[in-house]
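Trainee: The following block contains the structure, expressed as structure tokens.
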Amino acid sequence: MQKFAGRRPLSDLFPLSNRLYAALAARAMKGWGNMLISTDWKGYRTLAWVLQGLLAITIVVVLFQGKWLPAAALAGFLVVSFLFVKLDHKLPSIFDLIFMIAALINAGGWAWDLYNQPGPYDEIAHFFTVFAITLAFGFLLYRELMESFYNRRLMFVLTIASLGLALGAVWETIEWLSDFVIPKQIVSGLFDTETDLILDGAGALLAALLNLRGLNEMRNQASLADQPASQAAARPKERKTLAH
């Protein structure tokens with residue numbers, strides 16, 4: 001054992017390989033982090049399809065339990081979320097995952113009456129659902145009308161937030177009308193309605209602020225893309241002045 005005591009460890013014999021491995025590991029971690037930060041990472045859409053499968057399995061379980069009305073509610077959310085994920089081509093893939101989470105929250109609330117259970121389930125559903133839908137519609141809006149909002153940021157935020165508030169008002173109207181059709185009570189009173197509308201507004205405002213950030217990013221990208229073209233257009237003029 002003594003003749004091996006003086007041997008140097010492999011890390012001292014191959015210092016370059018250790019640095020290379022460390023650099024590769026750091027680069028891999030950075031690439032993984034960039035994928036997660038990116039709004040159009042393909043993994044988001046894959047997770048959305050996985051949640052679709054879980055929702056379909058839940059429908060089968062509820063049907064075996066003989067709960068036809070909850071199964072119908074789950075099926076409705078499954079169809080809407082499926083169409084959103086399947087037909088969505090203009091939105092980043094993270095929107096699919098956000099919308100699918102919102103669909104699952106609402107499906108659970110309607111199927112198992114979680115809205116009327118103790119706890120903040122109803123408030124979370126209102127906040128996140130209005131946030132998800134307003135975020136998607138706001139993205140589509142500023143993508144089509146991006147130039148008109150460049151110098152009107154406050155108007156942009158108010159427009160998107162108003163869209164979410166209008167959605168929340170329609171939601172409350174549907175809940176009020178449902179009380180006349182569905183045996184169980186959905187609206188618990190004026191305090192419940194006002195709380196839901198406040199959370200709808202908070203979700204809409206958050207979506208509007210995130211859309212504003214996206215608007216600024218798209219503006220910066222557009223300005224960077226225009227710089228090489230403007231520099232290339234300026235070069236011939238410089239050459240002509242030098243020739244004179």
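Residue names in the structure tokens use chain letters A, B, ... in the order shown, residue numbers from 1 in each chain, and ligand numbers from 1 in the order shown.
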What are the DSSP alpha helix (DSSP H) residues of stretch 11-229 of chain A, as a PyMOL selection string?
Mentor: chain A and resi 11-13+15-37+42-64+68-87+93-111+121-144+153-178+190-229
Trainee: Which residue out of A:Phe95, A:Phe149, A:Tyr44, A:Trp112 has the minimum interatomic distance to A:Ala73 when only C-alpha atoms are used?
Mentor: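 Going through A:Phe95, A:Phe149, A:Tyr44, A:Trp112 one by one, the smallest distance to A:Ala73 is for A:Trp112.
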Trainee: What lies within 7 Å of A:Asn211 using only C-alpha atoms, ignoring chain neighbours under 3 positions off, as a VMD selection string?
Mentor: chain A and resid 135 138 to 139 207 to 208 214 to 215
Trainee: Counting only C-alpha atoms, what is within 7 Å of A:Ile94, bar same-chain residues fewer than 6 positions away, as a list in words?
Mentor: Thr39, Asp40, Tyr44 and Arg45 of chain A
Trainee: So which residues touch A:Leu69 within 12 Å, counting only C-alpha atoms, skipping near sequence neighbours fewer than 6 positions away, as number ranges by chain?
Mentor: A: 59, 62-63, 75-76, 107, 110-113, 182-184
Trainee: Using only C-alpha atoms, pick whichever of A:Ile160, A:Leu55, A:Leu177, A:Leu91 has the shortest atom-to-atom distance to A:Val79.
Mentor: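 Of the candidates, the smallest distance to A:Val79 is held by A:Leu55.
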Trainee: At a cut-off of 10 Å, using only C-alpha atoms, what residues contact A:Val85? Leave out same-chain residues fewer than 6 positions from it and give the result as a list in words.
Mentor: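 Non-adjacent residues within range: Arg45, Ala48, Trp49, Gln52, Leu91, Ser93, Phe95, Asp96, Leu97, Phe99 and Met100 of chain A.
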Trainee: Work out how far atom CA of A:Phe137 is from atom CA of A:Ala103, in Å to one decimal.
Mentor: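 Atom-to-atom, atom CA of A:Ala103 to atom CA of A:Phe137, that is 15.9 Å.
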Trainee: Nearest to A:Val130 among A:Leu167, A:Leu197, A:Leu51, A:Leu158, with distances taken over only C-alpha atoms: which residue is it?
Mentor: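 Once distances to A:Val130 are computed over only C-alpha atoms, the minimum belongs to A:Leu167.
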Trainee: Got a sec: who's within 7 Å of A:Ala132, counting only C-alpha atoms, leaving out chain neighbours fewer than 4 positions off, as a PyMOL selection string?
Mentor: chain A and resi 98-99+102+128+136
Trainee: Just the selected residues (N, CA and C atoms), exported as a short mmCIF file (atom, residue, chain, number, x, y, z; two decimals), in the first residue's frame, please.
Mentor:
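Saved as result34.cif:
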```cif
data_model
loop_
_atom_site.label_atom_id
_atom_site.label_comp_id
_atom_site.auth_asym_id
_atom_site.auth_seq_id
_atom_site.Cartn_x
_atom_site.Cartn_y
_atom_site.Cartn_z
N ILE A 98 -50.19 27.23 -20.02
CA ILE A 98 -50.94 28.11 -19.12
C ILE A 98 -52.44 27.91 -19.30
N PHE A 99 -52.89 27.85 -20.56
CA PHE A 99 -54.32 27.66 -20.82
C PHE A 99 -54.78 26.30 -20.33
N ALA A 102 -55.30 26.40 -16.61
CA ALA A 102 -56.55 27.10 -16.32
C ALA A 102 -57.75 26.20 -16.57
N PHE A 128 -56.41 33.11 -12.10
CA PHE A 128 -55.55 32.45 -13.08
C PHE A 128 -56.25 32.32 -14.44
N ALA A 136 -53.30 35.56 -23.57
CA ALA A 136 -53.34 35.05 -24.94
C ALA A 136 -53.92 36.09 -25.90
#
```
